[in-house]
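**Student:** My structure is in protein-v2.txt, and what it holds is compact mmCIF, C-alpha atoms:
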# COMPACT_ATOMS: atom_id res chain seq x y z
CA MET Z 1 0.00 0.00 0.00
CA GLY Z 2 1.01 3.62 -0.40
CA LYS Z 3 1.76 6.17 2.27
CA ALA Z 4 2.12 9.96 2.37
CA LEU Z 5 5.02 11.18 0.24
CA ALA Z 6 8.18 11.90 2.20
CA GLU Z 7 10.64 12.79 -0.57
CA ASN Z 8 9.69 14.53 -3.84
CA SER Z 9 12.29 12.99 -6.12
CA GLY Z 10 13.01 10.07 -8.41
CA PRO Z 11 11.71 8.85 -11.79
CA SER Z 12 8.45 7.46 -10.38
CA TYR Z 13 7.62 10.74 -8.62
CA ASP Z 14 8.40 12.76 -11.76
CA ALA Z 15 6.12 10.45 -13.77
CA ALA Z 16 3.30 10.97 -11.24
CA ARG Z 17 3.75 14.76 -11.25
CA HIS Z 18 3.81 14.98 -15.06
CA LEU Z 19 0.65 12.86 -15.31
CA ILE Z 20 -1.23 15.38 -13.16
CA ASP Z 21 0.18 18.29 -15.21
CA PHE Z 22 -0.90 16.61 -18.46
CA LEU Z 23 -4.46 15.94 -17.25
CA ASP Z 24 -4.75 19.56 -16.17
CA ASP Z 25 -3.55 20.82 -19.59
CA VAL Z 26 -5.89 18.51 -21.53
CA SER Z 27 -8.89 19.15 -19.27
CA LYS Z 28 -10.80 21.26 -21.82
CA ARG Z 29 -10.68 18.40 -24.31
CA SER Z 30 -11.24 15.50 -21.90
CA GLY Z 31 -13.75 17.18 -19.57
CA TYR Z 32 -11.78 16.09 -16.51
CA ARG Z 33 -9.63 18.28 -14.25
CA PRO Z 34 -7.54 16.48 -11.58
CA HIS Z 35 -8.69 18.53 -8.57
CA GLY Z 36 -7.67 16.84 -5.32
CA ALA Z 37 -5.17 14.48 -6.98
CA LYS Z 38 -2.63 13.05 -4.52
CA ILE Z 39 0.81 11.53 -4.98
CA ASN Z 40 1.73 8.80 -2.50
CA GLU Z 41 4.94 6.92 -1.91
CA LEU Z 42 4.62 3.25 -2.86
CA VAL Z 43 6.27 0.97 -0.29
CA GLU Z 44 6.50 -2.79 -0.87
CA GLN Z 45 8.48 -5.29 1.22
CA ASP Z 46 9.63 -2.49 3.53
CA ARG Z 47 11.34 -0.46 0.80
CA GLN Z 48 10.38 2.26 -1.64
CA ALA Z 49 8.94 0.71 -4.82
CA GLY Z 50 7.80 3.89 -6.58
CA HIS Z 51 4.89 6.32 -6.36
CA SER Z 52 1.17 6.25 -7.04
CA VAL Z 53 -1.35 8.90 -8.12
CA ILE Z 54 -4.89 8.95 -6.74
CA LEU Z 55 -7.31 10.69 -9.13
CA PRO Z 56 -10.77 11.46 -7.69
CA ALA Z 57 -13.58 10.42 -10.04
CA PRO Z 58 -15.98 13.07 -11.41
CA SER Z 59 -19.60 12.98 -10.21
CA LYS Z 60 -20.73 10.75 -13.12
CA GLY Z 61 -17.62 8.60 -13.07
CA PHE Z 62 -14.81 8.42 -15.61
CA SER Z 63 -15.75 8.15 -19.28
CA GLU Z 64 -14.01 5.64 -21.55
CA TYR Z 65 -12.15 8.49 -23.29
CA GLN Z 66 -10.92 9.92 -19.98
CA LEU Z 67 -9.60 6.53 -18.89
CA GLU Z 68 -7.84 6.16 -22.27
CA CYS Z 69 -6.14 9.53 -21.73
CA ILE Z 70 -5.02 8.59 -18.23
CA GLN Z 71 -3.79 5.11 -19.11
CA GLY Z 72 -2.20 6.12 -22.43
CA TYR Z 73 -0.23 8.99 -20.93
CA ALA Z 74 0.82 6.85 -17.97
CA GLN Z 75 2.26 4.33 -20.44
CA GLY Z 76 4.07 7.15 -22.24
CA LEU Z 77 5.61 8.33 -18.98
CA ALA Z 78 6.60 4.76 -18.14
CA TYR Z 79 8.56 4.54 -21.41
CA TRP Z 80 10.27 7.84 -20.69
CA ARG Z 81 11.15 7.19 -17.06
CA ASP Z 82 11.95 3.46 -17.35
CA VAL Z 83 9.28 2.59 -14.80
CA VAL Z 84 6.25 0.31 -14.98
CA SER Z 85 2.73 1.76 -14.90
CA GLU Z 86 -0.40 0.05 -13.60
CA LEU Z 87 -3.96 1.46 -13.50
CA GLY Z 88 -6.50 0.34 -10.94
CA GLU Z 89 -10.13 1.50 -10.68
CA LEU Z 90 -11.31 2.07 -7.11
CA GLU Z 91 -14.84 2.87 -5.91
CA LYS Z 92 -14.55 6.68 -6.14
CA SER Z 93 -11.15 7.15 -7.76
CA VAL Z 94 -8.51 5.75 -10.06
CA GLU Z 95 -5.02 4.84 -8.85
CA ILE Z 96 -2.01 4.80 -11.19
CA LYS Z 97 1.09 3.12 -9.80
CA PHE Z 98 4.56 3.83 -11.16
CA ARG Z 99 6.95 1.11 -10.01
CA ILE Z 100 10.73 1.52 -10.20
CA THR Z 101 12.42 -1.25 -12.20
CA LEU Z 102 16.05 -0.06 -12.32
CA SER Z 103 18.67 -0.43 -9.62
CA ARG Z 104 20.46 2.65 -8.25
CA THR Z 105 23.54 1.87 -10.41
CA GLU Z 106 21.40 1.49 -13.56
CA ARG Z 107 19.59 4.78 -12.84
CA GLN Z 108 22.94 6.56 -12.50
CA SER Z 109 24.06 5.05 -15.82
CA LEU Z 110 20.84 6.25 -17.47
CA GLY Z 111 21.48 9.75 -16.13
CA ALA Z 112 25.03 9.74 -17.54
CA ARG Z 113 23.71 8.68 -20.96
CA GLU Z 114 21.16 11.49 -20.90
CA LYS Z 115 23.85 14.07 -20.02
CA LEU Z 116 25.98 12.85 -22.92
CA HIS Z 117 23.15 13.51 -25.35
CA ARG Z 118 22.69 17.03 -24.00
CA LEU Z 119 26.11 18.30 -25.07
CA PHE Z 120 26.64 20.71 -27.99
CA MET Z 121 23.23 20.29 -29.69
CA PRO Z 122 19.92 22.16 -29.90
CA ARG Z 123 17.48 20.88 -27.28
CA ASP Z 124 15.04 19.48 -29.82
CA MET Z 125 17.81 17.55 -31.62
CA LYS Z 126 19.15 16.20 -28.32
CA LEU Z 127 15.71 15.00 -27.39
CA ALA Z 128 15.07 13.44 -30.82
CA GLN Z 129 18.30 11.45 -30.48
CA LEU Z 130 17.50 10.35 -26.95
CA VAL Z 131 13.99 9.23 -27.99
CA ALA Z 132 15.46 7.37 -30.96
CA HIS Z 133 17.87 5.55 -28.65
CA ILE Z 134 15.15 4.59 -26.16
CA LEU Z 135 12.67 3.40 -28.81
CA ALA Z 136 15.39 1.43 -30.62
CA ASP Z 137 16.17 -0.35 -27.34
CA LYS Z 138 12.47 -1.30 -27.15
CA GLY Z 139 12.42 -2.91 -30.59
CA PHE Z 140 11.29 0.01 -32.80
CA LYS Z 141 12.96 0.47 -36.18
CA VAL Z 142 14.28 4.04 -36.07
CA ARG Z 143 15.61 6.37 -38.79
CA GLU Z 144 18.41 8.73 -37.75
CA PRO Z 145 16.96 12.03 -36.37
CA SER Z 146 17.42 15.11 -38.55
CA PRO Z 147 16.39 18.78 -38.82
CA ALA Z 148 12.73 18.96 -39.85
CA VAL Z 149 9.83 21.28 -40.56
CA LEU Z 150 6.20 20.83 -39.63
CA ILE Z 151 3.98 22.31 -42.33
CA THR Z 152 0.62 23.53 -40.99
CA GLY Z 153 -2.23 25.63 -42.29
CA ASN Z 154 -0.90 28.55 -40.22
CA GLY Z 155 2.71 28.37 -41.37
CA THR Z 156 5.88 26.33 -41.05
CA ILE Z 157 7.35 25.27 -37.70
CA ARG Z 158 11.06 24.41 -37.42
CA GLY Z 159 12.43 21.67 -35.23
CA HIS Z 160 13.90 18.17 -35.36
CA GLY Z 161 12.24 14.85 -36.03
CA LEU Z 162 12.68 11.12 -36.39
CA GLN Z 163 10.76 8.38 -38.14
CA VAL Z 164 9.98 5.03 -36.54
CA ARG Z 165 8.34 1.77 -37.52
CA TYR Z 166 6.61 -0.45 -34.99
CA PRO Z 167 8.42 -3.64 -33.91
CA PHE Z 168 6.04 -5.57 -36.20
CA GLY Z 169 4.15 -5.08 -39.47
CA ARG Z 170 0.60 -3.75 -39.56
CA GLY Z 171 -1.01 -7.10 -40.33
CA GLU Z 172 -4.65 -7.82 -39.65
CA ASP Z 173 -3.76 -10.16 -36.79
CA LEU Z 174 -2.01 -7.27 -35.01
CA ALA Z 175 -4.49 -4.51 -35.87
CA GLY Z 176 -5.47 -4.02 -32.22
CA VAL Z 177 -1.85 -3.71 -31.10
CA SER Z 178 -1.16 -1.22 -33.89
CA GLN Z 179 -4.10 0.92 -32.79
CA ALA Z 180 -2.79 0.85 -29.23
CA TYR Z 181 0.62 2.09 -30.42
CA ASP Z 182 -1.11 4.78 -32.53
CA LYS Z 183 -2.78 6.10 -29.38
CA VAL Z 184 0.11 5.84 -26.96
CA LEU Z 185 3.00 7.13 -29.13
CA PRO Z 186 1.72 10.76 -29.22
CA MET Z 187 1.51 10.65 -25.42
CA ILE Z 188 5.04 9.22 -25.17
CA ALA Z 189 6.30 12.08 -27.37
CA ASP Z 190 4.45 14.64 -25.28
CA ALA Z 191 5.94 13.19 -22.10
CA PHE Z 192 9.43 13.48 -23.59
CA GLY Z 193 8.79 17.05 -24.77
CA ARG Z 194 7.21 18.21 -21.52
CA GLU Z 195 10.28 17.12 -19.56
CA HIS Z 196 12.54 19.27 -21.79
CA GLY Z 197 10.25 22.29 -22.22
CA LEU Z 198 9.52 21.45 -25.88
CA ARG Z 199 6.41 20.96 -28.02
CA SER Z 200 5.81 17.69 -29.87
CA GLU Z 201 3.74 16.30 -32.71
CA VAL Z 202 3.21 12.78 -34.08
CA ALA Z 203 2.11 12.12 -37.66
CA GLN Z 204 1.27 8.61 -38.89
CA THR Z 205 1.43 7.56 -42.55
CA ASP Z 206 1.02 3.93 -43.59
CA GLU Z 207 3.80 1.97 -41.88
CA VAL Z 208 5.80 5.01 -40.71
CA THR Z 209 5.30 7.28 -37.70
CA THR Z 210 7.08 10.65 -37.58
CA ILE Z 211 7.86 12.21 -34.18
CA PHE Z 212 8.58 15.95 -34.29
CA PHE Z 213 9.97 18.23 -31.55
CA THR Z 214 10.14 22.03 -31.64
CA ARG Z 215 11.25 24.83 -29.34
CA ASP Z 216 8.33 26.98 -30.57
CA ARG Z 217 6.23 27.43 -27.42
CA ASN Z 218 3.29 28.79 -29.42
CA TYR Z 219 2.71 25.47 -31.18
CA ILE Z 220 -0.34 23.49 -30.01
CA SER Z 221 -0.12 19.72 -30.51
CA SER Z 222 -3.00 17.78 -32.08
CA LEU Z 223 -3.12 15.96 -28.73
CA TYR Z 224 -4.77 19.09 -27.27
CA ASP Z 225 -6.70 20.17 -30.38
CA ASN Z 226 -10.27 19.03 -31.07
CA VAL Z 227 -10.16 20.10 -34.75
CA ALA Z 228 -8.42 18.00 -37.41
CA ARG Z 229 -5.81 20.30 -38.96
CA MET Z 230 -3.07 19.82 -41.50
CA ARG Z 231 0.22 18.78 -39.90
CA ILE Z 232 2.86 17.32 -42.22
CA ALA Z 233 6.41 16.72 -40.98
CA LEU Z 234 9.24 16.75 -43.53
CA PRO Z 235 13.05 16.87 -43.30
CA ARG Z 236 14.75 20.26 -43.61
CA LYS Z 237 17.91 20.98 -45.57
CA ARG Z 238 19.49 24.32 -46.30
CA SER Z 239 20.26 25.08 -49.93
CA ILE Z 240 23.71 26.54 -50.65
CA LEU Z 241 23.40 30.35 -50.76
CA ALA Z 242 19.60 29.86 -50.70
CA THR Z 243 19.63 28.80 -54.38
CA ASP Z 244 17.93 25.82 -56.02
CA VAL Z 245 21.13 23.82 -56.59
CA ALA Z 246 19.14 20.57 -56.74
CA PHE Z 247 17.32 21.89 -59.82
CA PHE Z 248 20.44 21.12 -61.87
CA THR Z 249 21.27 17.79 -60.23
CA ARG Z 250 18.01 15.97 -59.34
CA ARG Z 251 15.24 14.96 -61.73
CA SER Z 252 12.85 14.53 -58.81
CA TYR Z 253 13.39 18.19 -57.85
CA ARG Z 254 12.63 19.37 -61.40
CA ALA Z 255 9.49 17.19 -61.53
CA CYS Z 256 8.24 18.90 -58.35
CA LYS Z 257 8.84 22.32 -59.88
CA LYS Z 258 6.91 21.33 -63.02
CA LEU Z 259 4.01 20.09 -60.91
CA ARG Z 260 4.04 23.35 -58.95
CA ASN Z 261 3.92 25.42 -62.15
CA GLN Z 262 1.00 23.33 -63.40
CA TYR Z 263 -1.16 23.89 -60.28
CA LYS Z 264 0.11 27.16 -58.79
CA ASN Z 265 -3.26 28.82 -59.44
CA ASP Z 266 -5.23 26.06 -57.69
CA PHE Z 267 -3.11 25.32 -54.60
CA ILE Z 268 -1.00 27.10 -52.02
CA MET Z 269 2.54 25.70 -52.25
CA GLN Z 270 6.04 26.48 -51.05
CA ARG Z 271 8.44 27.85 -53.63
CA ARG Z 272 11.00 25.09 -53.11
CA PRO Z 273 10.24 21.34 -52.94
CA ASN Z 274 11.00 19.48 -49.72
CA PRO Z 275 13.39 16.50 -49.56
CA LEU Z 276 12.00 13.08 -48.67
CA TRP Z 277 13.01 11.45 -45.38
CA ASP Z 278 15.02 8.72 -47.11
CA GLU Z 279 16.80 11.29 -49.33
CA SER Z 280 15.63 9.42 -52.44
CA GLY Z 281 13.91 12.47 -53.94
CA TYR Z 282 11.66 15.47 -53.30
CA CYS Z 283 7.99 16.24 -52.67
CA MET Z 284 5.51 19.12 -52.89
CA VAL Z 285 2.93 19.88 -50.20
CA MET Z 286 -0.18 21.26 -51.93
CA LEU Z 287 -2.83 23.02 -49.82
CA TYR Z 288 -6.35 23.56 -51.11
CA LYS Z 289 -7.23 27.21 -51.56
CA ARG Z 290 -10.21 28.53 -49.60
CA GLY Z 291 -12.50 28.46 -52.62
CA ALA Z 292 -12.13 24.69 -52.94
CA GLY Z 293 -14.49 22.41 -51.07
CA GLY Z 294 -17.01 19.62 -51.42
CA ARG Z 295 -16.51 15.94 -52.12
CA LEU Z 296 -16.62 16.24 -55.91
CA VAL Z 297 -14.04 19.04 -55.92
CA ASP Z 298 -11.76 17.12 -53.56
CA GLU Z 299 -11.93 13.95 -55.68
CA SER Z 300 -11.33 15.95 -58.86
CA TYR Z 301 -8.24 17.57 -57.36
CA GLY Z 302 -6.87 14.22 -56.22
CA HIS Z 303 -7.38 12.50 -59.59
CA ALA Z 304 -5.96 15.41 -61.60
CA VAL Z 305 -2.82 15.81 -59.48
CA ALA Z 306 -2.21 12.05 -59.35
CA ALA Z 307 -2.54 11.73 -63.13
CA MET Z 308 -0.17 14.64 -63.77
CA ALA Z 309 2.37 13.36 -61.21
CA HIS Z 310 2.47 9.89 -62.78
CA LYS Z 311 2.82 11.45 -66.22
CA LEU Z 312 5.82 13.53 -65.07
CA ALA Z 313 7.33 10.50 -63.31
CA LYS Z 314 7.07 8.36 -66.43
CA ALA Z 315 8.62 11.05 -68.61
CA SER Z 316 11.59 11.47 -66.20
CA ARG Z 317 11.91 7.79 -65.20
CA LEU Z 318 10.97 8.48 -61.59
CA LYS Z 319 8.76 6.84 -59.00
CA ALA Z 320 5.73 8.93 -57.95
CA SER Z 321 3.79 8.65 -54.69
CA ILE Z 322 0.60 10.67 -54.14
CA GLU Z 323 -1.11 11.08 -50.78
CA VAL Z 324 -4.52 12.79 -50.98
CA ARG Z 325 -5.80 14.02 -47.59
CA PRO Z 326 -9.15 15.80 -48.13
CA GLU Z 327 -9.91 15.76 -44.39
CA ILE Z 328 -7.01 18.18 -43.85
CA ARG Z 329 -7.37 19.77 -47.33
CA SER Z 330 -3.96 18.81 -48.67
CA ILE Z 331 -2.09 16.66 -51.18
CA VAL Z 332 1.52 15.48 -50.85
CA ALA Z 333 3.11 14.55 -54.19
CA GLY Z 334 6.54 12.90 -54.02
CA PHE Z 335 9.06 11.85 -56.68
CA SER Z 336 11.86 9.37 -56.04
CA ASP Z 337 14.96 8.83 -58.17
CA ARG Z 338 15.25 5.20 -57.11
CA GLU Z 339 13.33 3.79 -60.09
CA ARG Z 340 15.81 5.44 -62.41
CA LYS Z 341 18.72 3.79 -60.52
CA ASN Z 342 17.14 0.38 -60.79
CA ALA Z 343 16.38 0.76 -64.49
So, in terms of structure tokens, how does the structure I just supplied come out?

**Tutor:**
Amino acid sequence: MGKALAENSGPSYDAARHLIDFLDDVSKRSGYRPHGAKINELVEQDRQAGHSVILPAPSKGFSEYQLECIQGYAQGLAYWRDVVSELGELEKSVEIKFRITLSRTERQSLGAREKLHRLFMPRDMKLAQLVAHILADKGFKVREPSPAVLITGNGTIRGHGLQVRYPFGRGEDLAGVSQAYDKVLPMIADAFGREHGLRSEVAQTDEVTTIFFTRDRNYISSLYDNVARMRIALPRKRSILATDVAFFTRRSYRACKKLRNQYKNDFIMQRRPNPLWDESGYCMVMLYKRGAGGRLVDESYGHAVAAMAHKLAKASRLKASIEVRPEIRSIVAGFSDRERKNA
């Protein structure tokens, strides 16, 4: 059983404190504010085993969504703090236990590793590398973190990001596990970011999940936003002297420019194409203009852009990939040079 907290320190206490902070921040969306929440020291076999959080239930009890928020974020914190989380429903409250799993020597080693990653790098890049290391240890397939931009309807946010694949494929037999990862990974990223004073975002596309961190304190994550908005994370590279050097060296870059010229009156687009994460080519992010709307218009846009992209790809011996996202009013058209190399 737990007892009143004597010492406010340690990974399990930090996890408990951040869980309360998160529930308070997300209260407008979840409809639950953790008034009267208590953190207790967890003692088992006459020694400290971690900490627990007691969350008083609202008058009508916890909804399924509220319990998902609590449990999902607790799992995210457990990943971050190398503790084990456990949720128990009591008569008038919910208790979340964070149990310590590492020895004192192992915790000191973890702290030394974290300090090493904090040297001589921007905070968001340090955190992206630390997250990549932790997720790789847990079986995720991780691409090397890199400078990135998050393209939104309100502008472009700069930061650093990494791409991960789950420890298994998205087969039908594992659909439930995949959905669980889809829910918990944004909360893991937010737990990482909160600890370092950063903002985070998670974007999922097919088999790949992109985790993005930024120092921009004005950014609001989709985790706290009730409205589906466009958020597309792409790698960021600086052109030499701000010129389009790739125009003369990459066919995929020139194909993007041709596509932009074809549809510049119908979409809002950046002047320069963005590189793909695997550096195999470039892509254009195309945003519907305000006048566009309606299912027929959306389908027409998607078919027209896809047809033109495949035509340009065939003419330049490239591989085209088109992602039409009418729910966030955008199209991402990518061209890869890999088909030309294999030809």

**Student:** For CA of Thr156 in chain Z and CA of Val26 in chain Z, quote the distance in Å rounded to one decimal.

**Tutor:** 24.1 Å

**Student:** For Leu150 in chain Z, list every protein, DNA or RNA residue within 8 Å, evaluated using all atoms listed in the file, and leave out those in the same chain fewer than 5 positions away; present the list as a PDB file with C-alpha atoms, in the frame of the given file.

**Tutor:**
ATOM      1  CA  THR Z 156       5.880  26.330 -41.050  1.00  0.00           C
ATOM      2  CA  ILE Z 157       7.350  25.270 -37.700  1.00  0.00           C
ATOM      3  CA  ARG Z 158      11.060  24.410 -37.420  1.00  0.00           C
ATOM      4  CA  GLY Z 159      12.430  21.670 -35.230  1.00  0.00           C
ATOM      5  CA  PHE Z 212       8.580  15.950 -34.290  1.00  0.00           C
ATOM      6  CA  ARG Z 231       0.220  18.780 -39.900  1.00  0.00           C
ATOM      7  CA  ILE Z 232       2.860  17.320 -42.220  1.00  0.00           C
ATOM      8  CA  ALA Z 233       6.410  16.720 -40.980  1.00  0.00           C
ATOM      9  CA  LEU Z 234       9.240  16.750 -43.530  1.00  0.00           C
TER      10      LEU Z 234
END

**Student:** May I have the protein, DNA and RNA residues with an atom at most 9 Å from (11.9, 16.4, -59.9), counting all atoms listed in the file in the file's coordinates, returned as a compact mmCIF listing (two decimals) with C-alpha atoms, in the coordinates of the input?

**Tutor:**
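Result saved to point04.txt:
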# COMPACT_ATOMS: atom_id res chain seq x y z
CA ALA Z 246 19.14 20.57 -56.74
CA PHE Z 247 17.32 21.89 -59.82
CA ARG Z 250 18.01 15.97 -59.34
CA ARG Z 251 15.24 14.96 -61.73
CA SER Z 252 12.85 14.53 -58.81
CA TYR Z 253 13.39 18.19 -57.85
CA ARG Z 254 12.63 19.37 -61.40
CA ALA Z 255 9.49 17.19 -61.53
CA CYS Z 256 8.24 18.90 -58.35
CA LYS Z 257 8.84 22.32 -59.88
CA LYS Z 258 6.91 21.33 -63.02
CA LEU Z 259 4.01 20.09 -60.91
CA PRO Z 273 10.24 21.34 -52.94
CA GLY Z 281 13.91 12.47 -53.94
CA TYR Z 282 11.66 15.47 -53.30
CA CYS Z 283 7.99 16.24 -52.67
CA LEU Z 312 5.82 13.53 -65.07
CA ALA Z 313 7.33 10.50 -63.31
CA SER Z 316 11.59 11.47 -66.20
CA LEU Z 318 10.97 8.48 -61.59
CA GLY Z 334 6.54 12.90 -54.02
CA PHE Z 335 9.06 11.85 -56.68
CA SER Z 336 11.86 9.37 -56.04
CA ASP Z 337 14.96 8.83 -58.17

**Student:** In terms of the shortest atom-to-atom distance over all atoms listed in the file, which of Z:Ala16, Z:Leu198, Z:Leu42, Z:Ala203 is closest to Arg123 in chain Z?

**Tutor:** Z:Leu198

**Student:** So, counting only C-alpha atoms, which residue among Z:Lys92, Z:Lys28, Z:Arg325, Z:Lys97 is closest to Asn40 in chain Z?

**Tutor:**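 Looking only at the distances to Asn40 in chain Z, the closest residue turns out to be Z:Lys97.
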
**Student:** Work out where the centre of an axis-aligned box around every listed atom of range 131-135 of chain Z lies and how long its edges are once 8 Å is added on each side; give both in Å to one decimal as AutoDock Vina command-line options.

**Tutor:**
--center_x 15.3 --center_y 6.3 --center_z -28.6 --size_x 21.2 --size_y 21.8 --size_z 20.8
